[in-house]
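File shown: structure_8.csv (CSV, C-alpha atoms (C1' of nucleotides)).
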```csv
chain,number,residue,atom,x,y,z
C,150,MET,CA,21.7,4.2,16.9
C,151,ARG,CA,20.8,2.4,20.0
C,152,SER,CA,21.7,-1.0,21.2
C,153,TYR,CA,18.3,-2.4,21.3
C,154,TYR,CA,17.9,-1.9,17.6
C,155,TYR,CA,19.8,-5.1,17.3
C,156,SER,CA,18.1,-7.0,20.0
C,157,VAL,CA,14.6,-6.1,18.8
C,158,LYS,CA,15.1,-6.8,15.1
C,159,GLU,CA,14.2,-10.0,13.6
C,160,LEU,CA,12.3,-11.7,16.4
C,161,ASP,CA,9.0,-10.6,15.1
C,162,PHE,CA,6.3,-13.3,15.6
C,163,PHE,CA,8.0,-15.6,18.1
C,164,ALA,CA,11.5,-16.3,19.3
C,165,GLY,CA,13.3,-19.6,19.2
C,166,GLU,CA,11.4,-20.8,16.2
C,167,GLU,CA,12.4,-19.8,12.6
C,168,ASN,CA,9.7,-17.7,11.1
C,169,ILE,CA,10.2,-17.0,7.4
C,170,VAL,CA,7.6,-14.2,7.1
C,171,PRO,CA,9.5,-11.2,8.6
C,172,TRP,CA,12.4,-12.2,6.3
C,173,MET,CA,10.2,-12.1,3.2
C,174,VAL,CA,8.8,-8.7,4.3
C,175,LYS,CA,12.2,-7.2,4.7
C,176,THR,CA,13.6,-8.8,1.6
C,177,MET,CA,10.7,-7.5,-0.5
C,178,LYS,CA,11.3,-4.0,0.7
C,179,CYS,CA,15.0,-4.3,-0.2
C,180,VAL,CA,14.1,-5.7,-3.6
C,181,ASP,CA,11.5,-3.0,-4.4
C,182,ALA,CA,13.8,-0.2,-3.4
C,183,PHE,CA,16.7,-1.8,-5.4
C,184,VAL,CA,14.7,-2.3,-8.5
C,185,SER,CA,13.4,1.2,-8.5
C,186,GLN,CA,16.9,2.6,-8.0
C,187,GLU,CA,18.4,0.5,-10.8
C,188,LEU,CA,15.6,1.3,-13.2
C,189,ALA,CA,15.7,5.0,-12.4
C,190,ALA,CA,19.5,4.9,-12.9
C,191,GLY,CA,18.9,3.4,-16.3
C,192,GLY,CA,16.4,6.2,-17.1
C,193,VAL,CA,13.2,4.2,-16.4
C,194,PRO,CA,11.2,5.9,-13.6
C,195,LEU,CA,9.0,2.9,-12.9
C,196,SER,CA,8.5,0.5,-10.0
C,197,ARG,CA,9.1,-3.2,-10.1
C,198,LYS,CA,5.4,-3.9,-10.0
C,199,GLN,CA,4.8,-1.7,-13.0
C,200,MET,CA,7.6,-3.3,-15.0
C,201,VAL,CA,6.3,-6.7,-14.2
C,202,VAL,CA,2.8,-5.9,-15.5
C,203,LEU,CA,4.2,-4.3,-18.6
C,204,LYS,CA,6.2,-7.3,-19.3
C,205,ILE,CA,3.3,-9.6,-18.8
C,206,ILE,CA,1.2,-7.6,-21.4
C,207,TYR,CA,4.2,-7.5,-23.7
C,208,THR,CA,4.7,-11.3,-23.5
C,209,ASN,CA,1.1,-12.3,-23.7
C,210,GLY,CA,-0.5,-9.7,-25.8
C,211,PRO,CA,-3.6,-7.6,-24.9
C,212,LEU,CA,-5.4,-9.0,-21.9
C,213,PRO,CA,-8.8,-8.2,-20.4
C,214,GLN,CA,-8.5,-6.4,-17.0
C,215,ASN,CA,-10.1,-9.3,-15.3
C,216,ASP,CA,-7.5,-11.7,-16.6
C,217,LEU,CA,-4.7,-9.3,-15.8
C,218,ALA,CA,-5.9,-9.0,-12.3
C,219,PHE,CA,-5.9,-12.8,-12.0
C,220,VAL,CA,-2.4,-13.4,-13.4
C,221,THR,CA,-0.9,-10.6,-11.3
C,222,ASP,CA,-2.7,-11.6,-8.1
C,223,ARG,CA,-4.6,-8.4,-7.7
C,224,ASP,CA,-8.0,-7.4,-6.7
C,225,LYS,CA,-9.8,-6.3,-9.9
C,226,ALA,CA,-10.5,-2.9,-8.1
C,227,SER,CA,-6.8,-2.6,-7.4
C,228,LEU,CA,-6.0,-3.4,-11.0
C,229,THR,CA,-8.4,-0.8,-12.3
C,230,ARG,CA,-6.4,1.9,-10.4
C,231,PHE,CA,-3.1,0.3,-11.2
C,232,ILE,CA,-3.9,0.5,-15.0
C,233,ASN,CA,-5.1,4.1,-14.5
C,234,THR,CA,-1.6,5.2,-13.5
C,235,LEU,CA,0.1,3.3,-16.3
C,236,GLU,CA,-2.5,4.9,-18.7
C,237,LYS,CA,-1.6,8.4,-17.4
C,238,LYS,CA,2.0,7.6,-18.2
C,239,ASN,CA,0.9,6.6,-21.7
C,240,LEU,CA,2.4,3.2,-21.4
C,241,VAL,CA,-0.9,1.2,-21.8
C,242,ALA,CA,-4.3,1.8,-23.3
C,243,ARG,CA,-7.8,0.4,-22.6
C,244,ILE,CA,-9.3,-0.8,-25.9
C,245,PRO,CA,-12.9,-2.0,-25.7
C,246,SER,CA,-13.4,-5.6,-26.9
C,247,LYS,CA,-15.6,-6.0,-29.9
C,248,ASP,CA,-16.8,-9.4,-28.8
C,249,ASP,CA,-18.0,-8.2,-25.3
C,250,LYS,CA,-18.8,-4.6,-24.6
C,251,ARG,CA,-18.0,-5.1,-20.9
C,252,VAL,CA,-14.4,-6.0,-21.6
C,253,ASN,CA,-11.4,-3.7,-21.9
C,254,LEU,CA,-8.4,-5.2,-23.5
C,255,ILE,CA,-5.2,-3.7,-22.0
C,256,HIS,CA,-2.7,-3.0,-24.8
C,257,LEU,CA,0.8,-1.6,-24.6
C,258,THR,CA,1.1,1.8,-26.4
C,259,LYS,CA,3.9,2.3,-28.9
C,260,GLN,CA,5.7,4.1,-26.2
C,261,GLY,CA,5.1,1.3,-23.7
C,262,GLU,CA,6.3,-1.3,-26.1
C,263,LYS,CA,9.4,0.6,-27.0
C,264,LEU,CA,10.2,1.2,-23.3
C,265,LEU,CA,9.9,-2.5,-22.7
C,266,LYS,CA,11.9,-3.7,-25.7
C,267,ASP,CA,14.6,-1.2,-24.9
C,268,ASN,CA,14.8,-2.1,-21.2
C,269,LEU,CA,14.0,-5.8,-20.9
C,270,PRO,CA,17.7,-6.7,-20.8
C,271,MET,CA,18.3,-4.2,-18.1
C,272,PHE,CA,15.4,-5.6,-16.2
C,273,GLN,CA,16.6,-9.1,-16.4
C,274,ASN,CA,20.1,-8.0,-15.4
C,275,ILE,CA,18.6,-6.5,-12.3
C,276,ALA,CA,16.9,-9.8,-11.5
C,277,ALA,CA,20.3,-11.5,-12.0
C,278,LYS,CA,22.0,-9.1,-9.7
C,279,MET,CA,19.5,-9.9,-7.0
C,280,HIS,CA,20.1,-13.6,-7.3
C,281,LYS,CA,23.8,-13.4,-7.6
C,282,GLY,CA,25.5,-16.2,-5.7
C,283,ILE,CA,22.4,-18.3,-5.2
C,284,SER,CA,22.5,-21.6,-7.1
C,285,MET,CA,19.6,-22.9,-9.1
C,286,GLU,CA,19.1,-25.7,-6.7
C,287,ASP,CA,18.8,-23.3,-3.8
C,288,ARG,CA,16.3,-21.2,-5.7
C,289,LYS,CA,14.2,-24.3,-6.3
C,290,VAL,CA,14.4,-25.2,-2.6
C,291,VAL,CA,13.2,-21.7,-1.6
C,292,ILE,CA,10.4,-21.8,-4.2
C,293,ASP,CA,9.2,-25.2,-3.0
C,294,ILE,CA,9.0,-24.0,0.5
C,295,LEU,CA,7.2,-20.8,-0.4
C,296,ARG,CA,4.8,-23.0,-2.4
C,297,LYS,CA,4.3,-25.0,0.8
C,298,ILE,CA,3.5,-21.9,2.8
C,299,GLN,CA,1.0,-20.9,0.1
C,300,GLU,CA,-0.7,-24.3,0.4
C,301,ASN,CA,-0.7,-24.0,4.2
C,302,THR,CA,-2.4,-20.6,4.0
C,303,LYS,CA,-5.0,-21.4,1.3
C,304,LYS,CA,-8.5,-21.4,2.7
O,12,MET,CA,-11.3,-19.5,-16.2
O,13,ARG,CA,-9.2,-19.4,-19.4
O,14,SER,CA,-6.3,-21.6,-20.4
O,15,TYR,CA,-3.7,-18.9,-20.6
O,16,TYR,CA,-4.2,-18.2,-16.9
O,17,TYR,CA,-1.9,-21.1,-16.3
O,18,SER,CA,0.6,-20.4,-19.0
O,19,VAL,CA,1.0,-16.8,-18.0
O,20,LYS,CA,1.3,-17.3,-14.3
O,21,GLU,CA,4.6,-17.6,-12.6
O,22,LEU,CA,6.9,-16.6,-15.4
O,23,ASP,CA,7.1,-13.0,-14.2
O,24,PHE,CA,10.6,-11.5,-14.6
O,25,PHE,CA,12.2,-14.0,-17.0
O,26,ALA,CA,11.6,-17.5,-18.1
O,27,GLY,CA,14.1,-20.4,-17.8
O,28,GLU,CA,15.7,-19.0,-14.7
O,29,GLU,CA,14.3,-19.3,-11.2
O,30,ASN,CA,13.2,-16.0,-9.8
O,31,ILE,CA,12.3,-16.0,-6.2
O,32,VAL,CA,10.7,-12.6,-6.1
O,33,PRO,CA,7.3,-13.4,-7.6
O,34,TRP,CA,7.0,-16.3,-5.2
O,35,MET,CA,7.6,-14.1,-2.3
O,36,VAL,CA,5.0,-11.6,-3.6
O,37,LYS,CA,2.4,-14.2,-3.9
O,38,THR,CA,3.3,-15.9,-0.7
O,39,MET,CA,3.0,-12.7,1.3
O,40,LYS,CA,-0.4,-12.0,-0.1
O,41,CYS,CA,-1.5,-15.5,0.9
O,42,VAL,CA,0.0,-15.0,4.4
O,43,ASP,CA,-1.5,-11.6,5.0
O,44,ALA,CA,-5.0,-12.8,3.9
O,45,PHE,CA,-4.6,-15.9,6.0
O,46,VAL,CA,-3.5,-14.1,9.1
O,47,SER,CA,-6.3,-11.6,8.8
O,48,GLN,CA,-8.9,-14.3,8.4
O,49,GLU,CA,-7.6,-16.4,11.3
O,50,LEU,CA,-7.3,-13.4,13.6
O,51,ALA,CA,-10.8,-12.2,12.6
O,52,ALA,CA,-12.2,-15.7,13.2
O,53,GLY,CA,-10.6,-15.5,16.7
O,54,GLY,CA,-12.3,-12.2,17.3
O,55,VAL,CA,-9.3,-10.0,16.6
O,56,PRO,CA,-10.0,-7.7,13.7
O,57,LEU,CA,-6.4,-6.7,13.0
O,58,SER,CA,-3.9,-7.2,10.3
O,59,ARG,CA,-0.7,-9.2,10.5
O,60,LYS,CA,1.3,-5.9,10.4
O,61,GLN,CA,-0.7,-4.4,13.3
O,62,MET,CA,-0.3,-7.6,15.4
O,63,VAL,CA,3.4,-7.6,14.8
O,64,VAL,CA,3.9,-4.0,15.9
O,65,LEU,CA,1.8,-4.5,19.0
O,66,LYS,CA,3.9,-7.5,19.8
O,67,ILE,CA,7.1,-5.6,19.4
O,68,ILE,CA,5.9,-2.9,21.8
O,69,TYR,CA,4.6,-5.5,24.2
O,70,THR,CA,7.9,-7.4,24.2
O,71,ASN,CA,10.2,-4.4,24.3
O,72,GLY,CA,8.3,-1.8,26.2
O,73,PRO,CA,7.5,1.7,25.1
O,74,LEU,CA,9.6,2.9,22.2
O,75,PRO,CA,10.1,6.2,20.5
O,76,GLN,CA,8.4,6.4,17.1
O,77,ASN,CA,11.8,6.7,15.4
O,78,ASP,CA,13.0,3.5,16.9
O,79,LEU,CA,9.8,1.7,16.2
O,80,ALA,CA,10.1,2.9,12.6
O,81,PHE,CA,13.6,1.4,12.4
O,82,VAL,CA,12.9,-2.0,14.0
O,83,THR,CA,9.8,-2.4,11.8
O,84,ASP,CA,11.5,-1.3,8.6
O,85,ARG,CA,9.2,1.6,8.0
O,86,ASP,CA,9.6,5.1,6.8
O,87,LYS,CA,9.1,7.4,9.9
O,88,ALA,CA,6.3,9.1,7.9
O,89,SER,CA,4.6,5.8,7.3
O,90,LEU,CA,5.0,4.9,11.0
O,91,THR,CA,3.3,8.1,12.1
O,92,ARG,CA,0.2,7.2,10.2
O,93,PHE,CA,0.4,3.5,11.1
O,94,ILE,CA,0.4,4.6,14.8
O,95,ASN,CA,-2.5,6.9,14.1
O,96,THR,CA,-4.7,4.0,13.2
O,97,LEU,CA,-3.7,1.9,16.2
O,98,GLU,CA,-4.3,5.0,18.3
O,99,LYS,CA,-7.8,5.4,16.9
O,100,LYS,CA,-8.5,1.8,17.9
O,101,ASN,CA,-7.3,2.6,21.4
O,102,LEU,CA,-4.6,0.0,21.3
O,103,VAL,CA,-1.6,2.3,21.7
O,104,ALA,CA,-1.0,5.8,23.0
O,105,ARG,CA,1.6,8.4,22.3
O,106,ILE,CA,3.2,9.6,25.6
O,107,PRO,CA,5.6,12.5,25.4
O,108,SER,CA,9.1,11.7,26.7
O,109,LYS,CA,10.2,13.7,29.7
O,110,ASP,CA,13.8,13.6,28.7
O,111,ASP,CA,13.3,15.0,25.2
O,112,LYS,CA,10.3,17.0,24.2
O,113,ARG,CA,10.6,15.9,20.6
O,114,VAL,CA,10.1,12.3,21.4
O,115,ASN,CA,6.8,10.4,21.7
O,116,LEU,CA,7.0,7.0,23.4
O,117,ILE,CA,4.5,4.5,22.0
O,118,HIS,CA,2.9,2.6,24.8
O,119,LEU,CA,0.3,-0.1,24.7
O,120,THR,CA,-3.0,0.9,26.3
O,121,LYS,CA,-4.6,-1.4,28.9
O,122,GLN,CA,-6.8,-2.6,26.1
O,123,GLY,CA,-3.9,-3.1,23.7
O,124,GLU,CA,-2.0,-5.1,26.4
O,125,LYS,CA,-5.0,-7.2,27.2
O,126,LEU,CA,-5.6,-7.9,23.5
O,127,LEU,CA,-2.1,-9.0,23.1
O,128,LYS,CA,-1.8,-11.1,26.2
O,129,ASP,CA,-5.1,-12.9,25.4
O,130,ASN,CA,-4.2,-13.6,21.8
O,131,LEU,CA,-0.5,-14.1,21.6
O,132,PRO,CA,-1.0,-17.9,21.7
O,133,MET,CA,-3.4,-17.7,18.8
O,134,PHE,CA,-1.0,-15.6,16.9
O,135,GLN,CA,1.9,-18.0,17.4
O,136,ASN,CA,-0.4,-20.8,16.5
O,137,ILE,CA,-1.2,-19.1,13.2
O,138,ALA,CA,2.5,-18.8,12.5
O,139,ALA,CA,2.9,-22.5,13.3
O,140,LYS,CA,0.1,-23.4,10.9
O,141,MET,CA,1.8,-21.4,8.1
O,142,HIS,CA,5.1,-23.3,8.7
O,143,LYS,CA,3.5,-26.7,9.0
O,144,GLY,CA,5.6,-29.4,7.3
O,145,ILE,CA,8.7,-27.2,6.9
O,146,SER,CA,11.7,-28.4,8.9
O,147,MET,CA,13.8,-26.0,10.9
O,148,GLU,CA,16.7,-26.8,8.6
O,149,ASP,CA,14.7,-25.8,5.6
O,150,ARG,CA,13.6,-22.6,7.3
O,151,LYS,CA,17.2,-21.7,8.0
O,152,VAL,CA,18.1,-22.4,4.4
O,153,VAL,CA,15.3,-20.0,3.2
O,154,ILE,CA,16.3,-17.3,5.6
O,155,ASP,CA,20.0,-17.6,4.6
O,156,ILE,CA,19.0,-17.1,1.0
O,157,LEU,CA,16.7,-14.2,1.7
O,158,ARG,CA,19.5,-12.7,3.7
O,159,LYS,CA,21.7,-13.1,0.6
O,160,ILE,CA,19.2,-11.3,-1.6
O,161,GLN,CA,19.1,-8.5,1.0
O,162,GLU,CA,22.8,-8.2,0.7
O,163,ASN,CA,22.7,-8.2,-3.0
O,164,THR,CA,20.2,-5.4,-3.0
O,165,LYS,CA,21.7,-3.2,-0.4
O,166,LYS,CA,23.0,0.0,-2.0
K,18,DC,C1',-38.6,-12.6,-25.6
K,19,DC,C1',-38.2,-11.5,-21.0
K,20,DT,C1',-36.8,-12.3,-16.4
K,21,DC,C1',-33.0,-13.5,-13.5
K,22,DA,C1',-28.4,-14.6,-12.4
K,23,DT,C1',-23.7,-13.8,-13.6
K,24,DT,C1',-19.7,-11.2,-15.1
K,25,DA,C1',-16.3,-7.0,-16.2
K,26,DG,C1',-15.2,-2.9,-14.6
K,27,DT,C1',-15.6,1.3,-11.6
K,28,DT,C1',-16.1,3.8,-7.3
K,29,DG,C1',-16.1,4.7,-2.1
K,30,DC,C1',-13.8,3.7,1.9
K,31,DA,C1',-10.1,2.5,4.9
K,32,DC,C1',-5.4,1.2,5.2
K,33,DA,C1',-0.5,1.3,4.1
K,34,DC,C1',4.0,2.9,1.9
K,35,DG,C1',8.1,6.1,0.5
K,36,DC,C1',10.0,10.6,-0.6
K,37,DA,C1',10.5,15.4,0.2
K,38,DA,C1',9.5,19.5,2.7
K,39,DC,C1',8.7,21.2,6.9
K,40,DC,C1',8.7,22.6,12.2
K,41,DA,C1',10.1,22.4,16.8
K,42,DA,C1',13.4,20.8,20.1
K,43,DC,C1',17.9,19.5,21.0
K,44,DA,C1',23.1,19.5,20.4
K,45,DT,C1',27.4,21.7,19.0
K,46,DT,C1',30.6,25.1,18.7
K,47,DA,C1',32.4,29.4,18.0
F,129,DT,C1',24.8,32.5,24.5
F,130,DA,C1',23.9,33.1,19.7
F,131,DA,C1',24.4,30.9,15.3
F,132,DT,C1',24.4,26.6,13.1
F,133,DG,C1',23.5,21.9,12.4
F,134,DT,C1',21.0,17.7,13.7
F,135,DT,C1',17.1,14.9,15.1
F,136,DG,C1',12.0,13.4,16.0
F,137,DG,C1',7.7,13.8,14.2
F,138,DT,C1',4.0,15.5,11.0
F,139,DT,C1',2.1,16.7,6.5
F,140,DG,C1',1.5,16.8,1.3
F,141,DC,C1',1.7,14.1,-2.6
F,142,DG,C1',1.6,10.0,-5.4
F,143,DT,C1',1.1,5.2,-5.4
F,144,DG,C1',-0.7,0.7,-4.2
F,145,DT,C1',-4.1,-2.7,-1.7
F,146,DG,C1',-8.6,-5.3,-0.4
F,147,DC,C1',-13.5,-5.4,0.5
F,148,DA,C1',-18.2,-4.2,-0.6
F,149,DA,C1',-21.5,-1.9,-3.3
F,150,DC,C1',-22.7,-0.6,-7.6
F,151,DT,C1',-23.6,-0.3,-13.2
F,152,DA,C1',-23.8,-2.0,-17.6
F,153,DA,C1',-23.6,-5.9,-20.5
F,154,DT,C1',-24.0,-10.7,-21.2
F,155,DG,C1',-26.0,-15.4,-20.7
F,156,DA,C1',-29.5,-18.9,-19.3
F,157,DG,C1',-34.2,-20.7,-18.6
F,158,DG,C1',-39.0,-20.3,-18.6
```
What does the file become when written as structure tokens?
Amino acid sequence: MRSYYYSVKELDFFAGEENIVPWMVKTMKCVDAFVSQELAAGGVPLSRKQMVVLKIIYTNGPLPQNDLAFVTDRDKASLTRFINTLEKKNLVARIPSKDDKRVNLIHLTKQGEKLLKDNLPMFQNIAAKMHKGISMEDRKVVIDILRKIQENTKK
Amino acid sequence: MRSYYYSVKELDFFAGEENIVPWMVKTMKCVDAFVSQELAAGGVPLSRKQMVVLKIIYTNGPLPQNDLAFVTDRDKASLTRFINTLEKKNLVARIPSKDDKRVNLIHLTKQGEKLLKDNLPMFQNIAAKMHKGISMEDRKVVIDILRKIQENTKK
DNA sequence: CCTCATTAGTTGCACACGCAACCAACATTA
DNA sequence: TAATGTTGGTTGCGTGTGCAACTAATGAGG
């Protein structure tokens, strides 16, 4: 462990100013690692991303891949492969739409639905742990500012 | 564009509560896309991540891969491959340390150094654009809260 | 009805990430 | 100094990402 570890860290883009981005990057890494660990400890060997998508399907019912890509902010190509891995784990299934032969509706399998039902409380508990000690007002402030950054970076 | 696009979006982990995580996820995607576009428009076909690492090397001088992995919050395996791609672009070079034959010091090449010198102002300008309309106080608030989440998620 | 444009999904390519296993070089200590 | 442990870096594997090109199916207009 060398001294410059501490001098180098956290300057990132520029010094003197406060840049939120490197903090988000680091925080997301912590969050993803934490959620994976907690889920695994609870017997659910899935990632945060996977849990989120399962929950979205569970809450909203079967969705076309295209729509699922949109609501989860993914490239449709990325979603294709993302669904492949969930399908290999027998958590979701592609069911062709009868209305439109191009469309696959993504369903939860029995197994996927059970997993979600059984573990949703744990999942929400994990989210609560992450936000411990942060008031609702503060959360809203952060979200407002993140929304602002999104606006600033929309083409 | 269907109606449930808007009802589904942004609930993510749980409803009723304010969860910061999905906002960070979305914001980071916007930021990465924005930075890439802006850099490309300025003639620099690199990602935000690549620029950040080049800047760290530029600011701190040659660093062992291990240290670079630490300060950039990466797995050392990930860093190995990350450096590979920068090396292929002739922006950095691995130079064996004379003190310790195990160590590679990562240097900027002439080309890498020139690229960075020439484009650092643009890079900082991009960061400024992202943070437009967000006061220093608000930035500090956000960073404090993100730091709190990091603490909550540290094992 | 038959082009022609659009849309849903897949695939190729390049990039990025973490974990675990591994090797070579260094450090420790008996 | 020989045995043992530790450290820096690479590789294999599985996962995840965006862009561009592609196909099959649908929709619109002549």
Write out chain C, as a short mmCIF file (atom, residue, chain, number, x, y, z; two decimals) with C-alpha atoms, keeping the file's coordinate frame, after superposing it onto chain O by least squares using every C-alpha atom paired in order.
```cif
data_model
loop_
_atom_site.label_atom_id
_atom_site.label_comp_id
_atom_site.auth_asym_id
_atom_site.auth_seq_id
_atom_site.Cartn_x
_atom_site.Cartn_y
_atom_site.Cartn_z
CA MET C 150 -11.25 -19.50 -16.36
CA ARG C 151 -9.14 -19.46 -19.39
CA SER C 152 -6.27 -21.59 -20.39
CA TYR C 153 -3.72 -18.94 -20.53
CA TYR C 154 -4.17 -18.21 -16.87
CA TYR C 155 -1.89 -21.12 -16.35
CA SER C 156 0.59 -20.36 -19.01
CA VAL C 157 0.98 -16.72 -17.97
CA LYS C 158 1.33 -17.26 -14.23
CA GLU C 159 4.58 -17.51 -12.60
CA LEU C 160 6.95 -16.49 -15.37
CA ASP C 161 7.08 -12.96 -14.23
CA PHE C 162 10.60 -11.45 -14.69
CA PHE C 163 12.21 -13.98 -17.01
CA ALA C 164 11.62 -17.55 -18.06
CA GLY C 165 14.03 -20.42 -17.74
CA GLU C 166 15.74 -18.94 -14.74
CA GLU C 167 14.32 -19.34 -11.17
CA ASN C 168 13.30 -15.99 -9.86
CA ILE C 169 12.34 -16.02 -6.19
CA VAL C 170 10.67 -12.57 -6.11
CA PRO C 171 7.23 -13.32 -7.70
CA TRP C 172 7.03 -16.28 -5.26
CA MET C 173 7.63 -14.04 -2.24
CA VAL C 174 5.01 -11.56 -3.55
CA LYS C 175 2.39 -14.20 -3.92
CA THR C 176 3.26 -15.93 -0.70
CA MET C 177 3.04 -12.66 1.24
CA LYS C 178 -0.40 -12.01 -0.11
CA CYS C 179 -1.50 -15.52 0.92
CA VAL C 180 0.02 -15.02 4.35
CA ASP C 181 -1.58 -11.58 4.93
CA ALA C 182 -4.98 -12.76 3.87
CA PHE C 183 -4.62 -15.94 6.04
CA VAL C 184 -3.53 -14.11 9.10
CA SER C 185 -6.32 -11.63 8.88
CA GLN C 186 -8.88 -14.41 8.42
CA GLU C 187 -7.57 -16.43 11.37
CA LEU C 188 -7.38 -13.42 13.64
CA ALA C 189 -10.83 -12.21 12.66
CA ALA C 190 -12.14 -15.75 13.28
CA GLY C 191 -10.64 -15.58 16.73
CA GLY C 192 -12.36 -12.19 17.31
CA VAL C 193 -9.31 -9.98 16.61
CA PRO C 194 -10.07 -7.63 13.66
CA LEU C 195 -6.45 -6.71 13.04
CA SER C 196 -3.93 -7.25 10.25
CA ARG C 197 -0.71 -9.15 10.56
CA LYS C 198 1.29 -5.96 10.37
CA GLN C 199 -0.64 -4.46 13.24
CA MET C 200 -0.24 -7.55 15.40
CA VAL C 201 3.42 -7.61 14.73
CA VAL C 202 3.91 -4.00 15.88
CA LEU C 203 1.80 -4.58 18.94
CA LYS C 204 3.84 -7.49 19.85
CA ILE C 205 7.06 -5.65 19.37
CA ILE C 206 5.87 -2.84 21.80
CA TYR C 207 4.60 -5.49 24.19
CA THR C 208 7.96 -7.34 24.19
CA ASN C 209 10.20 -4.34 24.33
CA GLY C 210 8.29 -1.81 26.24
CA PRO C 211 7.50 1.79 25.14
CA LEU C 212 9.56 2.81 22.15
CA PRO C 213 10.11 6.20 20.51
CA GLN C 214 8.44 6.41 17.03
CA ASN C 215 11.78 6.76 15.43
CA ASP C 216 13.02 3.53 16.93
CA LEU C 217 9.80 1.76 16.10
CA ALA C 218 10.07 2.82 12.56
CA PHE C 219 13.62 1.42 12.45
CA VAL C 220 12.86 -1.98 13.99
CA THR C 221 9.78 -2.47 11.80
CA ASP C 222 11.47 -1.31 8.60
CA ARG C 223 9.20 1.60 7.98
CA ASP C 224 9.54 5.08 6.82
CA LYS C 225 9.07 7.31 9.90
CA ALA C 226 6.22 9.11 7.91
CA SER C 227 4.62 5.74 7.32
CA LEU C 228 4.94 4.88 10.98
CA THR C 229 3.35 8.12 12.07
CA ARG C 230 0.18 7.14 10.10
CA PHE C 231 0.44 3.53 11.08
CA ILE C 232 0.41 4.53 14.84
CA ASN C 233 -2.48 6.93 14.12
CA THR C 234 -4.75 4.02 13.18
CA LEU C 235 -3.70 1.89 16.13
CA GLU C 236 -4.32 5.00 18.36
CA LYS C 237 -7.86 5.37 16.92
CA LYS C 238 -8.46 1.77 17.87
CA ASN C 239 -7.25 2.60 21.38
CA LEU C 240 -4.62 -0.05 21.30
CA VAL C 241 -1.57 2.32 21.69
CA ALA C 242 -0.94 5.77 23.05
CA ARG C 243 1.66 8.49 22.31
CA ILE C 244 3.21 9.61 25.61
CA PRO C 245 5.65 12.52 25.36
CA SER C 246 9.14 11.73 26.72
CA LYS C 247 10.21 13.78 29.66
CA ASP C 248 13.85 13.61 28.69
CA ASP C 249 13.29 15.00 25.10
CA LYS C 250 10.25 17.01 24.20
CA ARG C 251 10.56 15.91 20.55
CA VAL C 252 10.06 12.26 21.41
CA ASN C 253 6.81 10.32 21.70
CA LEU C 254 7.06 7.06 23.46
CA ILE C 255 4.55 4.56 22.00
CA HIS C 256 2.89 2.62 24.84
CA LEU C 257 0.32 -0.14 24.68
CA THR C 258 -3.02 0.90 26.32
CA LYS C 259 -4.59 -1.40 28.88
CA GLN C 260 -6.82 -2.56 26.15
CA GLY C 261 -3.91 -3.14 23.78
CA GLU C 262 -2.01 -5.08 26.34
CA LYS C 263 -4.94 -7.23 27.25
CA LEU C 264 -5.67 -7.94 23.55
CA LEU C 265 -2.09 -9.03 23.12
CA LYS C 266 -1.81 -11.18 26.24
CA ASP C 267 -5.09 -12.83 25.41
CA ASN C 268 -4.20 -13.52 21.77
CA LEU C 269 -0.45 -14.13 21.63
CA PRO C 270 -0.96 -17.90 21.69
CA MET C 271 -3.41 -17.69 18.89
CA PHE C 272 -0.99 -15.59 16.97
CA GLN C 273 1.83 -17.96 17.38
CA ASN C 274 -0.44 -20.87 16.44
CA ILE C 275 -1.18 -19.08 13.22
CA ALA C 276 2.54 -18.73 12.54
CA ALA C 277 2.86 -22.49 13.23
CA LYS C 278 0.09 -23.31 10.87
CA MET C 279 1.84 -21.41 8.13
CA HIS C 280 5.06 -23.29 8.64
CA LYS C 281 3.51 -26.65 9.05
CA GLY C 282 5.56 -29.34 7.34
CA ILE C 283 8.66 -27.24 6.85
CA SER C 284 11.63 -28.44 8.91
CA MET C 285 13.83 -26.11 10.88
CA GLU C 286 16.70 -26.78 8.61
CA ASP C 287 14.68 -25.77 5.58
CA ARG C 288 13.57 -22.59 7.30
CA LYS C 289 17.20 -21.73 7.98
CA VAL C 290 18.09 -22.42 4.34
CA VAL C 291 15.30 -20.08 3.13
CA ILE C 292 16.33 -17.39 5.64
CA ASP C 293 19.97 -17.56 4.57
CA ILE C 294 19.05 -17.11 1.01
CA LEU C 295 16.69 -14.23 1.69
CA ARG C 296 19.55 -12.70 3.72
CA LYS C 297 21.70 -13.11 0.61
CA ILE C 298 19.18 -11.34 -1.57
CA GLN C 299 19.06 -8.52 0.99
CA GLU C 300 22.86 -8.19 0.81
CA ASN C 301 22.71 -8.26 -3.00
CA THR C 302 20.16 -5.44 -3.02
CA LYS C 303 21.76 -3.18 -0.37
CA LYS C 304 23.08 0.01 -1.88
#
```
With only C-alpha atoms (C1' of nucleotides) as the counted atoms, please give the residues lying no more than 9 Å from C:Lys297, apart from itself and same-chain residues fewer than 6 positions off, as a PyMOL selection string.
chain O and resi 141-145
Using all atoms listed in the file, which chain C residues lie at most 12 Å away from chain F, written as a PyMOL selection string?
chain C and resi 150+195-196+198-199+222-235+248-252
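Around C:Lys259, within 12 Å and counting all atoms listed in the file, the residues found are C:Tyr207, C:Asn239, C:Leu240, C:Val241, C:Ala242, C:Leu264, C:Leu265, C:Lys266, C:Asp267, once anything fewer than 5 positions away on its own chain is removed.
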Can you measure atom CA of C:Asn274 to atom CA of C:Pro213 for me? One decimal in Å is fine.
29.3 Å
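The interface of chain K with chain O at 8 Å, considering all atoms listed in the file, consists of K:DA33, K:DC34, K:DG35, K:DA41, K:DA42, K:DC43.
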Which is closer to chain O than all the others in C:Ser246, C:Ser185, C:Asn209, C:Pro194, using only C-alpha atoms?
C:Asn209
